[in-house]
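Reproduced below: start00.cif, with mmCIF, C-alpha atoms.
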```
data_work
#
loop_
_atom_site.group_PDB
_atom_site.id
_atom_site.type_symbol
_atom_site.label_atom_id
_atom_site.label_comp_id
_atom_site.auth_asym_id
_atom_site.auth_seq_id
_atom_site.Cartn_x
_atom_site.Cartn_y
_atom_site.Cartn_z
ATOM 1 C CA MET M 1 94.537 100.819 98.928
ATOM 2 C CA GLN M 2 97.910 99.192 98.402
ATOM 3 C CA ILE M 3 100.988 99.978 100.501
ATOM 4 C CA ALA M 4 104.457 99.130 99.164
ATOM 5 C CA PRO M 5 107.447 99.507 101.542
ATOM 6 C CA PHE M 6 110.983 100.215 100.335
ATOM 7 C CA PHE M 7 113.947 99.792 102.696
ATOM 8 C CA ASP M 8 117.324 101.510 102.535
ATOM 9 C CA GLU M 9 119.559 99.494 104.847
ATOM 10 C CA THR M 10 122.387 102.047 104.685
ATOM 11 C CA THR M 11 120.258 104.579 106.592
ATOM 12 C CA PHE M 12 117.765 102.082 108.087
ATOM 13 C CA THR M 13 114.955 104.030 106.404
ATOM 14 C CA PHE M 14 111.577 102.789 105.232
ATOM 15 C CA SER M 15 109.881 104.720 102.436
ATOM 16 C CA TYR M 16 106.397 103.947 101.185
ATOM 17 C CA ILE M 17 104.190 104.153 98.143
ATOM 18 C CA VAL M 18 100.494 104.351 98.972
ATOM 19 C CA ALA M 19 98.317 103.678 95.925
ATOM 20 C CA ASP M 20 94.609 104.022 95.327
ATOM 21 C CA MET M 21 94.364 101.305 92.713
ATOM 22 C CA SER M 22 90.789 102.248 91.806
ATOM 23 C CA SER M 23 91.800 105.703 90.575
ATOM 24 C CA GLY M 24 95.435 105.072 89.616
ATOM 25 C CA MET M 25 96.728 107.784 91.955
ATOM 26 C CA CYS M 26 99.536 107.317 94.459
ATOM 27 C CA ALA M 27 101.630 109.076 97.092
ATOM 28 C CA VAL M 28 105.257 108.551 98.117
ATOM 29 C CA ILE M 29 106.232 109.009 101.757
ATOM 30 C CA ASP M 30 109.800 109.823 102.901
ATOM 31 C CA PRO M 31 111.796 108.856 99.766
ATOM 32 C CA VAL M 32 115.568 108.356 100.038
ATOM 33 C CA LEU M 33 118.283 109.803 97.820
ATOM 34 C CA ASP M 34 121.424 107.681 98.078
ATOM 35 C CA PHE M 35 124.510 109.534 99.298
ATOM 36 C CA ASN M 36 128.121 108.434 99.481
ATOM 37 C CA TYR M 37 129.495 110.752 102.161
ATOM 38 C CA ALA M 38 133.169 109.920 101.573
ATOM 39 C CA ALA M 39 132.903 110.653 97.851
ATOM 40 C CA SER M 40 130.366 113.480 98.310
ATOM 41 C CA ARG M 41 128.254 111.927 95.574
ATOM 42 C CA THR M 42 124.507 111.349 95.261
ATOM 43 C CA SER M 43 122.813 108.575 93.305
ATOM 44 C CA THR M 44 119.227 107.556 92.678
ATOM 45 C CA ALA M 45 119.016 103.753 92.931
ATOM 46 C CA SER M 46 116.573 103.808 95.863
ATOM 47 C CA ALA M 47 114.342 106.425 94.253
ATOM 48 C CA ASP M 48 114.503 104.691 90.873
ATOM 49 C CA ALA M 49 113.120 101.518 92.452
ATOM 50 C CA MET M 50 110.068 103.531 93.477
ATOM 51 C CA VAL M 51 109.806 105.095 90.030
ATOM 52 C CA GLU M 52 109.876 101.633 88.451
ATOM 53 C CA TRP M 53 107.137 100.359 90.782
ATOM 54 C CA ILE M 54 104.901 103.321 89.926
ATOM 55 C CA GLU M 55 105.519 103.120 86.178
ATOM 56 C CA GLN M 56 104.899 99.370 86.025
ATOM 57 C CA ARG M 57 101.343 99.694 87.419
ATOM 58 C CA PRO M 58 101.046 102.379 85.844
ATOM 59 C CA LEU M 59 100.104 105.030 88.410
ATOM 60 C CA THR M 60 100.114 108.817 88.634
ATOM 61 C CA LEU M 61 102.179 110.330 91.433
ATOM 62 C CA GLN M 62 99.984 112.905 93.159
ATOM 63 C CA TRP M 63 101.864 113.611 96.404
ATOM 64 C CA ILE M 64 105.430 113.362 97.737
ATOM 65 C CA LEU M 65 104.967 113.547 101.498
ATOM 66 C CA GLU M 66 107.692 114.277 104.027
ATOM 67 C CA THR M 67 107.038 113.469 107.669
ATOM 68 C CA HIS M 68 109.750 115.949 108.726
ATOM 69 C CA VAL M 69 113.192 117.285 107.818
ATOM 70 C CA HIS M 70 115.215 114.109 108.189
ATOM 71 C CA ALA M 71 118.625 114.160 109.857
ATOM 72 C CA ASP M 72 119.767 110.707 108.759
ATOM 73 C CA HIS M 73 119.201 110.562 105.015
ATOM 74 C CA LEU M 74 118.856 112.848 102.018
ATOM 75 C CA SER M 75 115.396 113.223 100.513
ATOM 76 C CA ALA M 76 114.627 112.235 96.927
ATOM 77 C CA ALA M 77 111.518 114.437 96.855
ATOM 78 C CA SER M 78 112.743 116.876 94.208
ATOM 79 C CA TYR M 79 114.131 114.063 92.061
ATOM 80 C CA LEU M 80 110.798 112.218 92.115
ATOM 81 C CA ARG M 81 108.884 115.379 91.265
ATOM 82 C CA GLN M 82 111.216 115.932 88.329
ATOM 83 C CA ARG M 83 110.720 112.339 87.126
ATOM 84 C CA LEU M 84 107.021 111.811 87.788
ATOM 85 C CA GLY M 85 105.401 115.092 88.788
ATOM 86 C CA GLY M 86 103.331 115.483 91.938
ATOM 87 C CA GLN M 87 103.483 118.007 94.770
ATOM 88 C CA ILE M 88 105.944 117.972 97.669
ATOM 89 C CA ALA M 89 104.281 118.530 101.047
ATOM 90 C CA ILE M 90 105.610 118.951 104.596
ATOM 91 C CA GLY M 91 104.420 120.396 107.909
ATOM 92 C CA ALA M 92 104.098 124.180 108.022
ATOM 93 C CA GLU M 93 106.498 124.345 110.974
ATOM 94 C CA ILE M 94 109.293 123.639 108.480
ATOM 95 C CA THR M 95 109.895 127.402 108.706
ATOM 96 C CA GLN M 96 111.165 126.945 112.298
ATOM 97 C CA VAL M 97 113.661 124.368 111.082
ATOM 98 C CA GLN M 98 114.741 126.597 108.197
ATOM 99 C CA HIS M 99 115.275 129.598 110.477
ATOM 100 C CA HIS M 100 117.341 127.660 112.987
ATOM 101 C CA PHE M 101 119.508 125.742 110.555
ATOM 102 C CA GLY M 102 119.714 128.721 108.235
ATOM 103 C CA GLU M 103 121.650 130.417 111.016
ATOM 104 C CA ILE M 104 123.796 127.360 111.714
ATOM 105 C CA PHE M 105 124.817 127.029 108.068
ATOM 106 C CA ASN M 106 124.924 130.791 107.438
ATOM 107 C CA VAL M 107 122.929 130.368 104.231
ATOM 108 C CA GLY M 108 122.508 134.092 103.589
ATOM 109 C CA GLU M 109 119.570 136.103 102.347
ATOM 110 C CA CYS M 110 119.245 134.141 99.102
ATOM 111 C CA PHE M 111 117.782 131.191 101.022
ATOM 112 C CA GLN M 112 114.087 131.712 101.678
ATOM 113 C CA ARG M 113 113.019 130.574 105.148
ATOM 114 C CA ASP M 114 109.288 130.604 104.463
ATOM 115 C CA GLY M 115 108.856 127.019 103.270
ATOM 116 C CA SER M 116 108.455 128.150 99.671
ATOM 117 C CA GLN M 117 110.770 125.372 98.449
ATOM 118 C CA PHE M 118 107.837 123.006 99.079
ATOM 119 C CA ASP M 119 104.633 122.946 97.061
ATOM 120 C CA CYS M 120 102.310 122.553 100.039
ATOM 121 C CA LEU M 121 102.701 123.410 103.739
ATOM 122 C CA LEU M 122 100.414 121.348 105.932
ATOM 123 C CA HIS M 123 98.584 122.092 109.165
ATOM 124 C CA ASP M 124 96.968 119.828 111.705
ATOM 125 C CA SER M 125 93.667 118.317 110.500
ATOM 126 C CA ASP M 126 94.280 119.213 106.855
ATOM 127 C CA CYS M 127 92.947 116.625 104.401
ATOM 128 C CA LEU M 128 94.576 115.870 101.064
ATOM 129 C CA PRO M 129 92.845 113.975 98.265
ATOM 130 C CA LEU M 130 94.507 110.831 96.943
ATOM 131 C CA GLY M 131 92.282 109.563 94.171
ATOM 132 C CA ASN M 132 89.250 108.208 96.014
ATOM 133 C CA LEU M 133 91.121 108.203 99.319
ATOM 134 C CA SER M 134 91.733 110.980 101.821
ATOM 135 C CA ILE M 135 94.981 111.738 103.674
ATOM 136 C CA GLU M 136 94.486 113.238 107.136
ATOM 137 C CA VAL M 137 97.335 115.334 108.510
ATOM 138 C CA LEU M 138 98.257 114.892 112.174
ATOM 139 C CA HIS M 139 100.763 117.333 113.660
ATOM 140 C CA THR M 140 102.944 115.157 115.919
ATOM 141 C CA PRO M 141 105.839 117.356 117.123
ATOM 142 C CA GLY M 142 108.535 116.387 119.592
ATOM 143 C CA HIS M 143 111.283 114.832 117.509
ATOM 144 C CA THR M 144 111.221 118.093 115.535
ATOM 145 C CA PRO M 145 108.665 120.930 115.614
ATOM 146 C CA ALA M 146 107.617 120.141 112.033
ATOM 147 C CA CYS M 147 106.849 116.429 112.419
ATOM 148 C CA ILE M 148 103.708 115.233 110.641
ATOM 149 C CA SER M 149 101.960 111.863 110.633
ATOM 150 C CA TYR M 150 99.704 110.869 107.753
ATOM 151 C CA ARG M 151 96.514 108.860 108.312
ATOM 152 C CA ILE M 152 95.035 107.047 105.313
ATOM 153 C CA LYS M 153 92.095 104.767 106.160
ATOM 154 C CA ASP M 154 93.379 102.381 108.852
ATOM 155 C CA ALA M 155 97.075 103.175 108.250
ATOM 156 C CA VAL M 156 99.170 105.909 109.878
ATOM 157 C CA PHE M 157 102.692 106.789 108.750
ATOM 158 C CA VAL M 158 104.337 108.126 111.889
ATOM 159 C CA GLY M 159 107.755 109.261 110.687
ATOM 160 C CA ASP M 160 110.260 109.234 113.564
ATOM 161 C CA THR M 161 107.689 109.753 116.325
ATOM 162 C CA LEU M 162 107.585 106.041 117.175
ATOM 163 C CA PHE M 163 109.723 102.993 116.478
ATOM 164 C CA MET M 164 108.729 99.365 116.753
ATOM 165 C CA PRO M 165 107.555 98.544 120.305
ATOM 166 C CA ASP M 166 110.820 96.800 121.192
ATOM 167 C CA TYR M 167 112.849 99.889 120.205
ATOM 168 C CA GLY M 168 110.796 102.705 121.713
ATOM 169 C CA THR M 169 110.446 106.347 120.733
ATOM 170 C CA ALA M 170 112.295 109.106 118.894
ATOM 171 C CA ARG M 171 115.084 111.289 120.264
ATOM 172 C CA CYS M 172 114.147 114.881 121.100
ATOM 173 C CA ASP M 173 117.503 116.655 121.352
ATOM 174 C CA PHE M 174 117.588 118.214 117.889
ATOM 175 C CA PRO M 175 116.906 121.979 117.673
ATOM 176 C CA GLY M 176 113.208 122.532 118.380
ATOM 177 C CA GLY M 177 112.797 119.031 119.799
ATOM 178 C CA ASP M 178 110.702 118.628 122.932
ATOM 179 C CA ALA M 179 110.264 115.440 124.956
ATOM 180 C CA ALA M 180 107.026 116.646 126.541
ATOM 181 C CA ALA M 181 105.598 117.444 123.102
ATOM 182 C CA LEU M 182 106.647 113.992 121.895
ATOM 183 C CA TYR M 183 104.818 112.349 124.795
ATOM 184 C CA ASP M 184 101.646 114.267 123.887
ATOM 185 C CA SER M 185 102.028 113.340 120.209
ATOM 186 C CA VAL M 186 102.470 109.661 121.049
ATOM 187 C CA GLN M 187 99.405 109.721 123.278
ATOM 188 C CA ARG M 188 97.432 111.192 120.402
ATOM 189 C CA LEU M 189 98.503 108.328 118.151
ATOM 190 C CA LEU M 190 97.754 105.735 120.826
ATOM 191 C CA ALA M 191 94.241 107.149 121.212
ATOM 192 C CA LEU M 192 93.423 105.896 117.706
ATOM 193 C CA PRO M 193 91.536 102.578 117.414
ATOM 194 C CA ASP M 194 93.593 99.596 118.587
ATOM 195 C CA GLN M 195 93.550 97.965 115.151
ATOM 196 C CA THR M 196 95.070 101.032 113.473
ATOM 197 C CA ARG M 197 98.211 100.053 111.584
ATOM 198 C CA LEU M 198 101.314 102.121 112.291
ATOM 199 C CA PHE M 199 104.115 102.304 109.711
ATOM 200 C CA MET M 200 107.609 103.214 110.887
ATOM 201 C CA CYS M 201 110.167 105.394 109.098
ATOM 202 C CA HIS M 202 113.137 103.544 110.625
ATOM 203 C CA ASP M 203 114.084 100.252 112.202
ATOM 204 C CA TYR M 204 117.386 99.214 113.772
ATOM 205 C CA LYS M 205 116.591 95.631 114.855
ATOM 206 C CA ALA M 206 116.255 95.788 118.608
ATOM 207 C CA PRO M 207 118.407 93.361 120.617
ATOM 208 C CA GLY M 208 117.073 89.844 120.244
ATOM 209 C CA ARG M 209 115.348 90.513 116.909
ATOM 210 C CA ASN M 210 117.035 89.362 113.694
ATOM 211 C CA GLU M 211 114.690 90.840 111.086
ATOM 212 C CA TYR M 212 113.897 94.419 110.171
ATOM 213 C CA ALA M 213 110.272 95.409 110.818
ATOM 214 C CA TYR M 214 108.172 98.358 109.761
ATOM 215 C CA GLU M 215 104.527 97.715 110.670
ATOM 216 C CA THR M 216 102.798 97.400 114.037
ATOM 217 C CA THR M 217 99.477 98.446 115.590
ATOM 218 C CA VAL M 218 98.223 100.864 118.189
ATOM 219 C CA ALA M 219 97.343 97.908 120.412
ATOM 220 C CA ALA M 220 100.857 96.479 120.153
ATOM 221 C CA GLN M 221 102.425 99.841 120.959
ATOM 222 C CA LYS M 222 100.222 100.336 124.004
ATOM 223 C CA ALA M 223 100.952 96.838 125.265
ATOM 224 C CA GLY M 224 104.662 96.624 124.597
ATOM 225 C CA ASN M 225 106.495 99.849 123.751
ATOM 226 C CA ILE M 226 109.539 99.782 126.013
ATOM 227 C CA HIS M 227 109.386 103.548 126.641
ATOM 228 C CA LEU M 228 105.636 103.769 127.251
ATOM 229 C CA ARG M 229 104.346 100.614 128.887
ATOM 230 C CA ASP M 230 103.180 100.393 132.503
ATOM 231 C CA ASP M 231 101.298 103.688 132.064
ATOM 232 C CA VAL M 232 104.472 105.766 132.303
ATOM 233 C CA SER M 233 103.684 109.348 133.277
ATOM 234 C CA ARG M 234 104.488 112.381 131.182
ATOM 235 C CA GLN M 235 107.065 113.516 133.765
ATOM 236 C CA ALA M 236 108.756 110.117 133.884
ATOM 237 C CA PHE M 237 108.853 109.888 130.093
ATOM 238 C CA VAL M 238 110.447 113.330 129.750
ATOM 239 C CA LYS M 239 113.091 112.427 132.344
ATOM 240 C CA MET M 240 113.870 109.121 130.601
ATOM 241 C CA ARG M 241 113.997 110.720 127.163
ATOM 242 C CA ARG M 242 116.313 113.541 128.217
ATOM 243 C CA GLN M 243 118.701 111.182 129.995
ATOM 244 C CA ARG M 244 118.759 108.833 127.030
ATOM 245 C CA ASP M 245 119.215 111.610 124.470
ATOM 246 C CA ALA M 246 122.169 113.038 126.385
ATOM 247 C CA ARG M 247 124.089 109.830 125.647
ATOM 248 C CA LEU M 248 123.335 109.700 121.916
ATOM 249 C CA SER M 249 125.798 110.780 119.253
ATOM 250 C CA LEU M 250 124.718 112.877 116.286
ATOM 251 C CA PRO M 251 123.520 110.965 113.216
ATOM 252 C CA GLU M 252 126.345 110.508 110.727
ATOM 253 C CA LEU M 253 124.515 112.315 107.937
ATOM 254 C CA ILE M 254 122.853 115.107 109.927
ATOM 255 C CA LEU M 255 124.927 117.951 108.441
ATOM 256 C CA PRO M 256 124.444 117.121 104.762
ATOM 257 C CA SER M 257 120.892 115.845 105.296
ATOM 258 C CA VAL M 258 119.434 118.905 106.961
ATOM 259 C CA GLN M 259 120.971 121.300 104.429
ATOM 260 C CA PHE M 260 119.527 119.223 101.613
ATOM 261 C CA ASN M 261 116.160 118.382 103.121
ATOM 262 C CA MET M 262 115.204 121.863 104.268
ATOM 263 C CA ARG M 263 115.384 122.688 100.545
ATOM 264 C CA ALA M 264 112.828 119.941 99.706
ATOM 265 C CA GLY M 265 115.562 117.605 98.546
ATOM 266 C CA ALA M 266 117.147 120.088 96.161
ATOM 267 C CA MET M 267 120.815 120.995 95.766
ATOM 268 C CA PRO M 268 122.007 124.307 97.251
ATOM 269 C CA GLU M 269 122.245 127.063 94.682
ATOM 270 C CA PRO M 270 125.426 126.683 92.585
ATOM 271 C CA GLU M 271 128.224 129.127 93.254
ATOM 272 C CA LYS M 272 129.964 131.193 90.578
ATOM 273 C CA ASN M 273 131.843 128.152 89.273
ATOM 274 C CA GLY M 274 128.568 126.290 88.715
ATOM 275 C CA GLN M 275 129.213 123.847 91.585
ATOM 276 C CA SER M 276 126.866 123.245 94.538
ATOM 277 C CA TYR M 277 128.394 122.907 97.997
ATOM 278 C CA LEU M 278 127.347 121.663 101.421
ATOM 279 C CA LYS M 279 128.860 123.283 104.505
ATOM 280 C CA LEU M 280 130.458 121.733 107.574
ATOM 281 C CA PRO M 281 130.308 124.130 110.570
ATOM 282 C CA LEU M 282 133.518 123.393 112.468
ATOM 283 C CA ASN M 283 133.440 122.932 116.247
ATOM 284 C CA MET M 284 129.819 124.083 116.524
ATOM 285 C CA PHE M 285 128.302 120.920 117.994
#
```
Re-express the file's structure as structure tokens.
Amino acid sequence: MQIAPFFDETTFTFSYIVADMSSGMCAVIDPVLDFNYAASRTSTASADAMVEWIEQRPLTLQWILETHVHADHLSAASYLRQRLGGQIAIGAEITQVQHHFGEIFNVGECFQRDGSQFDCLLHDSDCLPLGNLSIEVLHTPGHTPACISYRIKDAVFVGDTLFMPDYGTARCDFPGGDAAALYDSVQRLLALPDQTRLFMCHDYKAPGRNEYAYETTVAAQKAGNIHLRDDVSRQAFVKMRRQRDARLSLPELILPSVQFNMRAGAMPEPEKNGQSYLKLPLNMF
């Protein structure tokens, strides 16, 4: 198994290619579509770097895996499927996200809220084949109800559930978020063997650290996560998380990102003039 990280510094996002070199099959996790908000223009430089890596090996893209509906970057899932094939997969609770944000953005009856924009809806303990490897699905809600972690051999891709130990844990104030559920999800991850490698979806360089980081271990998280160490109780964690979340501002790209990502990284349906549009709900938040 080979793991290749790709970092988009604009959104502080790590995407990954996981390759089974023995079979020539690979999966992409949380790919980024570049977006210039001021110009309202997308581009594909980040995704094209992943395409180039896959084609140079050469490998076959089997899965495009989303850990959740991201609120801080647009997904390149549909673009990668168009370029290289493969199936787009996400947690089955995506339907909760679609129902809630479908109301916020008043998408109308033409937008299906059943997850059908994705090729595969995943449930806890599902297993996906990746060449000679197996991908185990872990439902890890809290940040959103649809959050999924992917376990492949000794590596787990945790999405936004955890950050590096010196940065802590994910916010839980988005619709459907739940700090108590996040605590339970984190405890599930920390119950894995100490040597299990954990791969982050984001890093923001905690104070005192000058380099971006994306990989840690269960043992390191248990020993040093600033939100979890000293055997913090579930009640204390929930209190801390709610107080902290109340002071956070919304991510800059949440409004375009959610509209885009709940459609599996596809543009909204064009209107009569052939143009796709994203909506900005005024004074709602």
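Point (103.2, 103.2, 99.8) has the following residues at most 6 Å away: Ile3, Ala4, Pro5, Tyr16, Ile17, Val18 and Val28 of chain M (atoms considered: only C-alpha atoms).
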Query raised in the report: How far is it from atom CA of Leu128 of chain M to atom CA of Ala92 of chain M, in Å with one decimal?
Result: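 So the two atoms, atom CA of Leu128 of chain M and atom CA of Ala92 of chain M, lie 14.4 Å apart.
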Requested in this report: List the residues sitting within 9 Å of (115.3, 105.3, 114.1) in the file's frame, using all atoms listed in the file, as a count of residues only.
Outcome: 15
Query - Residue IDs satisfying the PyMOL selection byres ((chain M and resi 36) around 12), as a PyMOL selection string - result: chain M and resi 10-11+33-35+37-44+73-74+252-253+256-257
Report task. Name the closest residue to Gly168 of chain M among the candidates M:Leu138, M:Val156, M:Ala146, M:Ala206; distances are taken between atoms, counting all atoms listed in the file. Result ->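 Distance minimum relative to Gly168 of chain M lands on M:Ala206.
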**Report entry** Closest of M:Val107, M:Met1, M:Leu282, M:Ala89 to Cys127 of chain M - atom-to-atom distances counting only C-alpha atoms
**Finding:** M:Ala89
Query raised in the report: atom CA of Lys239 of chain M and atom CA of Ala181 of chain M are how many Å apart?
Result: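 We find that atom CA of Lys239 of chain M and atom CA of Ala181 of chain M lie 12.9 Å from each other.
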Can you sort out segment 60-86 of chain M so it carries N, CA and C atoms, written as a compact mmCIF listing (two decimals), in the frame of the given file?
```
# COMPACT_ATOMS: atom_id res chain seq x y z
N THR M 60 99.77 107.39 88.68
CA THR M 60 100.11 108.82 88.63
C THR M 60 100.52 109.27 90.03
N LEU M 61 101.70 109.85 90.14
CA LEU M 61 102.18 110.33 91.43
C LEU M 61 101.53 111.68 91.74
N GLN M 62 100.71 111.69 92.79
CA GLN M 62 99.98 112.90 93.16
C GLN M 62 100.69 113.69 94.27
N TRP M 63 101.24 112.96 95.25
CA TRP M 63 101.86 113.61 96.40
C TRP M 63 103.21 112.96 96.73
N ILE M 64 104.16 113.80 97.15
CA ILE M 64 105.43 113.36 97.74
C ILE M 64 105.44 113.95 99.15
N LEU M 65 105.23 113.10 100.14
CA LEU M 65 104.97 113.55 101.50
C LEU M 65 106.19 113.33 102.39
N GLU M 66 106.61 114.38 103.05
CA GLU M 66 107.69 114.28 104.03
C GLU M 66 107.09 114.33 105.43
N THR M 67 107.51 113.41 106.30
CA THR M 67 107.04 113.47 107.67
C THR M 67 107.77 114.54 108.48
N HIS M 68 108.98 114.90 108.05
CA HIS M 68 109.75 115.95 108.73
C HIS M 68 111.05 116.16 107.94
N VAL M 69 111.86 117.10 108.39
CA VAL M 69 113.19 117.28 107.82
C VAL M 69 114.10 116.24 108.44
N HIS M 70 114.45 115.24 107.68
CA HIS M 70 115.22 114.11 108.19
C HIS M 70 116.67 114.51 108.45
N ALA M 71 117.23 113.90 109.50
CA ALA M 71 118.62 114.16 109.86
C ALA M 71 119.53 112.97 109.56
N ASP M 72 118.98 111.93 108.95
CA ASP M 72 119.77 110.71 108.76
C ASP M 72 119.81 110.23 107.32
N HIS M 73 119.10 110.90 106.43
CA HIS M 73 119.20 110.56 105.02
C HIS M 73 118.78 111.77 104.18
N LEU M 74 119.25 111.79 102.95
CA LEU M 74 118.86 112.85 102.02
C LEU M 74 117.53 112.47 101.37
N SER M 75 116.70 113.45 101.12
CA SER M 75 115.40 113.22 100.51
C SER M 75 115.48 113.21 98.99
N ALA M 76 114.73 112.29 98.39
CA ALA M 76 114.63 112.24 96.93
C ALA M 76 113.38 112.94 96.42
N ALA M 77 112.78 113.81 97.23
CA ALA M 77 111.52 114.44 96.86
C ALA M 77 111.62 115.21 95.54
N SER M 78 112.63 116.07 95.42
CA SER M 78 112.74 116.88 94.21
C SER M 78 113.04 116.01 92.98
N TYR M 79 113.85 114.98 93.17
CA TYR M 79 114.13 114.06 92.06
C TYR M 79 112.86 113.37 91.58
N LEU M 80 112.03 112.90 92.50
CA LEU M 80 110.80 112.22 92.12
C LEU M 80 109.83 113.18 91.44
N ARG M 81 109.75 114.40 91.92
CA ARG M 81 108.88 115.38 91.26
C ARG M 81 109.36 115.65 89.84
N GLN M 82 110.67 115.72 89.67
CA GLN M 82 111.22 115.93 88.33
C GLN M 82 110.90 114.76 87.41
N ARG M 83 110.97 113.53 87.93
CA ARG M 83 110.72 112.34 87.13
C ARG M 83 109.24 112.10 86.85
N LEU M 84 108.40 112.28 87.89
CA LEU M 84 107.02 111.81 87.79
C LEU M 84 105.97 112.88 88.06
N GLY M 85 106.39 114.08 88.43
CA GLY M 85 105.40 115.09 88.79
C GLY M 85 104.97 114.93 90.23
N GLY M 86 103.83 115.52 90.57
CA GLY M 86 103.33 115.48 91.94
C GLY M 86 103.77 116.71 92.72
```
